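Trainee: Contents of start-v2.pdb (PDB, C-alpha atoms) are below:
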MODEL        1
ATOM      1  CA  MET A 200     -15.025 -22.555 -95.766
ATOM      2  CA  GLN A 201     -18.254 -24.244 -94.792
ATOM      3  CA  ASN A 202     -21.778 -23.185 -95.676
ATOM      4  CA  VAL A 203     -24.686 -23.869 -93.327
ATOM      5  CA  SER A 204     -28.311 -22.885 -93.356
ATOM      6  CA  ALA A 205     -29.530 -20.393 -90.770
ATOM      7  CA  HIS A 206     -31.720 -23.161 -89.334
ATOM      8  CA  ASP A 207     -28.728 -25.496 -88.906
ATOM      9  CA  ALA A 208     -26.588 -22.676 -87.498
ATOM     10  CA  LYS A 209     -29.225 -22.004 -84.862
ATOM     11  CA  ALA A 210     -29.688 -25.688 -84.043
ATOM     12  CA  ARG A 211     -25.950 -26.381 -83.810
ATOM     13  CA  PHE A 212     -24.580 -23.058 -82.596
ATOM     14  CA  GLY A 213     -21.875 -24.596 -80.411
ATOM     15  CA  GLN A 214     -20.567 -26.662 -83.304
ATOM     16  CA  LEU A 215     -20.679 -23.579 -85.567
ATOM     17  CA  VAL A 216     -18.550 -21.627 -83.080
ATOM     18  CA  ASP A 217     -16.034 -24.473 -82.830
ATOM     19  CA  THR A 218     -15.784 -24.700 -86.630
ATOM     20  CA  ALA A 219     -15.416 -20.917 -86.979
ATOM     21  CA  ARG A 220     -12.322 -21.068 -84.787
ATOM     22  CA  SER A 221     -10.524 -22.938 -87.585
ATOM     23  CA  GLU A 222     -12.292 -21.694 -90.740
ATOM     24  CA  PRO A 223     -14.941 -19.166 -91.753
ATOM     25  CA  VAL A 224     -18.533 -20.421 -91.794
ATOM     26  CA  VAL A 225     -21.014 -18.921 -94.265
ATOM     27  CA  ILE A 226     -24.606 -18.782 -93.022
ATOM     28  CA  GLU A 227     -27.240 -18.983 -95.706
ATOM     29  CA  ARG A 228     -30.893 -18.050 -95.631
ATOM     30  CA  HIS A 229     -33.083 -19.299 -98.486
ATOM     31  CA  GLY A 230     -29.923 -20.385-100.341
ATOM     32  CA  ARG A 231     -28.329 -16.923-100.190
ATOM     33  CA  ALA A 232     -25.241 -16.099 -98.109
ATOM     34  CA  VAL A 233     -26.221 -13.579 -95.422
ATOM     35  CA  ALA A 234     -23.418 -13.751 -92.840
ATOM     36  CA  VAL A 235     -19.974 -15.140 -92.166
ATOM     37  CA  VAL A 236     -18.793 -16.287 -88.743
ATOM     38  CA  VAL A 237     -15.037 -16.092 -88.178
ATOM     39  CA  SER A 238     -12.742 -16.556 -85.215
ATOM     40  CA  LYS A 239     -11.874 -13.577 -83.026
ATOM     41  CA  GLU A 240      -8.291 -13.773 -84.299
ATOM     42  CA  GLU A 241      -9.443 -13.671 -87.938
ATOM     43  CA  TYR A 242     -11.779 -10.770 -87.171
ATOM     44  CA  ASP A 243      -8.971  -8.821 -85.466
ATOM     45  CA  GLU A 244      -6.631  -9.495 -88.400
ATOM     46  CA  LEU A 245      -9.217  -8.293 -90.925
ATOM     47  CA  ASN A 246      -9.836  -5.150 -88.885
ATOM     48  CA  ASP A 247      -6.087  -4.492 -88.679
ATOM     49  CA  ILE A 248      -5.804  -4.800 -92.472
ATOM     50  CA  LYS A 249      -8.707  -2.394 -92.977
ATOM     51  CA  LEU A 250      -7.228   0.061 -90.493
ATOM     52  CA  ARG A 251      -3.793  -0.033 -92.171
ATOM     53  CA  GLN A 252      -5.420   0.552 -95.558
ATOM     54  CA  LEU A 253      -7.467   3.463 -94.222
ATOM     55  CA  ARG A 254      -4.389   5.013 -92.619
ATOM     56  CA  ALA A 255      -2.459   4.659 -95.903
ATOM     57  CA  GLU A 256      -5.276   6.378 -97.800
ATOM     58  CA  ILE A 257      -5.407   9.170 -95.216
ATOM     59  CA  ASP A 258      -1.625   9.601 -95.491
ATOM     60  CA  LEU A 259      -1.958   9.887 -99.288
ATOM     61  CA  GLY A 260      -4.685  12.482 -98.874
ATOM     62  CA  LEU A 261      -2.611  14.471 -96.394
ATOM     63  CA  ALA A 262       0.377  14.344 -98.751
ATOM     64  CA  ASP A 263      -1.861  15.684-101.533
ATOM     65  CA  LEU A 264      -2.979  18.513 -99.260
ATOM     66  CA  GLU A 265       0.619  19.381 -98.385
ATOM     67  CA  ARG A 266       1.436  19.571-102.113
ATOM     68  CA  GLY A 267      -1.557  21.824-102.644
ATOM     69  CA  ALA A 268      -3.359  19.198-104.707
ATOM     70  CA  CYS A 269      -6.857  19.779-103.403
ATOM     71  CA  THR A 270     -10.221  21.030-104.546
ATOM     72  CA  HIS A 271     -12.174  23.661-102.680
ATOM     73  CA  TYR A 272     -15.900  23.083-102.293
ATOM     74  CA  GLU A 273     -18.675  25.359-101.202
ATOM     75  CA  ALA A 274     -20.877  24.122 -98.354
ATOM     76  CA  GLU A 275     -23.867  23.613-100.672
ATOM     77  CA  ASP A 276     -21.749  21.271-102.869
ATOM     78  CA  LEU A 277     -20.922  18.891-100.021
ATOM     79  CA  PRO A 278     -24.130  16.774-100.123
ATOM     80  CA  LYS A 279     -23.551  16.087-103.844
ATOM     81  CA  LEU A 280     -19.919  15.217-103.146
ATOM     82  CA  ALA A 281     -20.935  12.865-100.327
ATOM     83  CA  ALA A 282     -23.396  11.130-102.669
ATOM     84  CA  ARG A 283     -20.653  10.681-105.293
ATOM     85  CA  ILE A 284     -18.270   9.236-102.709
ATOM     86  CA  LYS A 285     -20.914   6.789-101.436
ATOM     87  CA  ALA A 286     -21.758   5.707-104.999
ATOM     88  CA  ALA A 287     -18.074   5.138-105.773
ATOM     89  CA  GLY A 288     -17.732   3.063-102.592
ATOM     90  CA  ARG A 289     -20.740   0.927-103.546
ATOM     91  CA  GLU A 290     -19.286   0.365-107.035
ATOM     92  CA  ARG A 291     -15.969  -0.615-105.518
ATOM     93  CA  LEU A 292     -17.637  -3.132-103.201
ATOM     94  CA  ALA A 293     -19.708  -4.557-106.061
ATOM     95  CA  ARG A 294     -16.522  -5.283-108.047
ATOM     96  CA  LYS A 295     -15.078  -7.401-105.208
TER      97      LYS A 295
ENDMDL
END
Spell out the structure here as structure tokens.

Mentor:
Amino acid sequence: MQNVSAHDAKARFGQLVDTARSEPVVIERHGRAVAVVVSKEEYDELNDIKLRQLRAEIDLGLADLERGACTHYEAEDLPKLAARIKAAGRERLARK
């Protein structure tokens, strides 16, 4: 994986695209990684992995529902639940 500054990425965009076809390229701004350029094939593969994982999690949730393993919420509780889910997702991403 190569790292390039945003300035260099802009100046040598064609070369960046060619490199990204064979390996991911990290674009940095002020020394901090801000983006990654990958090939279309790599992008599609990553999306397929995410989709399979999401489908597996949905299947687990549906299986729980079929077993009766669910919690009933009142409408006024849903914003708090959504906030908890978002916070858990952020924590999960931070651990990666």

Trainee: As an exercise, work out the distance from atom CA of Ser238 of chain A to atom CA of Gln252 of chain A in Å and give it to one decimal place.

Mentor: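 Separation of atom CA of Ser238 of chain A and atom CA of Gln252 of chain A: 21.3 Å.
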
Trainee: Record the distance separating atom CA of Ala287 of chain A and atom CA of Arg228 of chain A, expressed in Å with one decimal.

Mentor: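 Atom-to-atom, atom CA of Ala287 of chain A to atom CA of Arg228 of chain A, that is 28.4 Å.
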
Trainee: Please list as a list in words every residue within 12 Å of Val225 of chain A, counting only C-alpha atoms and excluding residues in the same chain fewer than 6 positions away.

Mentor: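 The residues satisfying every condition are Met200, Gln201, Asn202, Val203, Ser204, Ala205, Asp207, Ala208, Leu215, Val216, Thr218, Ala219, Arg231, Ala232, Val233, Ala234, Val235, Val236 and Val237 of chain A.
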
Trainee: Grab the residues selected above and save them as an mmCIF file, keeping the file's coordinate frame with C-alpha atoms.

Mentor:
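Listing of selection_12.cif after writing:
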data_model
loop_
_atom_site.group_PDB
_atom_site.id
_atom_site.type_symbol
_atom_site.label_atom_id
_atom_site.label_comp_id
_atom_site.auth_asym_id
_atom_site.auth_seq_id
_atom_site.Cartn_x
_atom_site.Cartn_y
_atom_site.Cartn_z
ATOM 1 C CA MET A 200 -15.025 -22.555 -95.766
ATOM 2 C CA GLN A 201 -18.254 -24.244 -94.792
ATOM 3 C CA ASN A 202 -21.778 -23.185 -95.676
ATOM 4 C CA VAL A 203 -24.686 -23.869 -93.327
ATOM 5 C CA SER A 204 -28.311 -22.885 -93.356
ATOM 6 C CA ALA A 205 -29.530 -20.393 -90.770
ATOM 7 C CA ASP A 207 -28.728 -25.496 -88.906
ATOM 8 C CA ALA A 208 -26.588 -22.676 -87.498
ATOM 9 C CA LEU A 215 -20.679 -23.579 -85.567
ATOM 10 C CA VAL A 216 -18.550 -21.627 -83.080
ATOM 11 C CA THR A 218 -15.784 -24.700 -86.630
ATOM 12 C CA ALA A 219 -15.416 -20.917 -86.979
ATOM 13 C CA ARG A 231 -28.329 -16.923 -100.190
ATOM 14 C CA ALA A 232 -25.241 -16.099 -98.109
ATOM 15 C CA VAL A 233 -26.221 -13.579 -95.422
ATOM 16 C CA ALA A 234 -23.418 -13.751 -92.840
ATOM 17 C CA VAL A 235 -19.974 -15.140 -92.166
ATOM 18 C CA VAL A 236 -18.793 -16.287 -88.743
ATOM 19 C CA VAL A 237 -15.037 -16.092 -88.178
#

Trainee: Using only C-alpha atoms, which of the listed residues (A:His206, A:Arg254, A:Gly260, A:Asp276) sits closest to Gly230 of chain A?

Mentor: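 Of A:His206, A:Arg254, A:Gly260, A:Asp276, the one nearest Gly230 of chain A, counting only C-alpha atoms, is A:His206.
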
Trainee: Report the distance between atom CA of Ala262 of chain A and atom CA of Ile284 of chain A in Å, rounded to one decimal place.

Mentor: 19.7 Å

Trainee: Using all atoms of segment 258-274 of chain A that appear in the file, construct an axis-aligned enclosing box with 4 Å of padding on every side and provide its centre coordinates and edge lengths in Å, rounded to one decimal, as JSON.

Mentor:
{"center_x": -9.7, "center_y": 17.5, "center_z": -100.1, "size_x": 30.3, "size_y": 23.8, "size_z": 17.2}

Trainee: Extract, using all atoms listed in the file, all DNA, RNA and protein residues at most 9 Å from segment 240-248 of chain A, discarding same-chain residues fewer than 3 positions from it, and format them as a list in words.

Mentor: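 Listing them by chain and then by number gives Arg220, Glu222, Pro223, Val237, Arg251, Gln252 and Leu253 of chain A.
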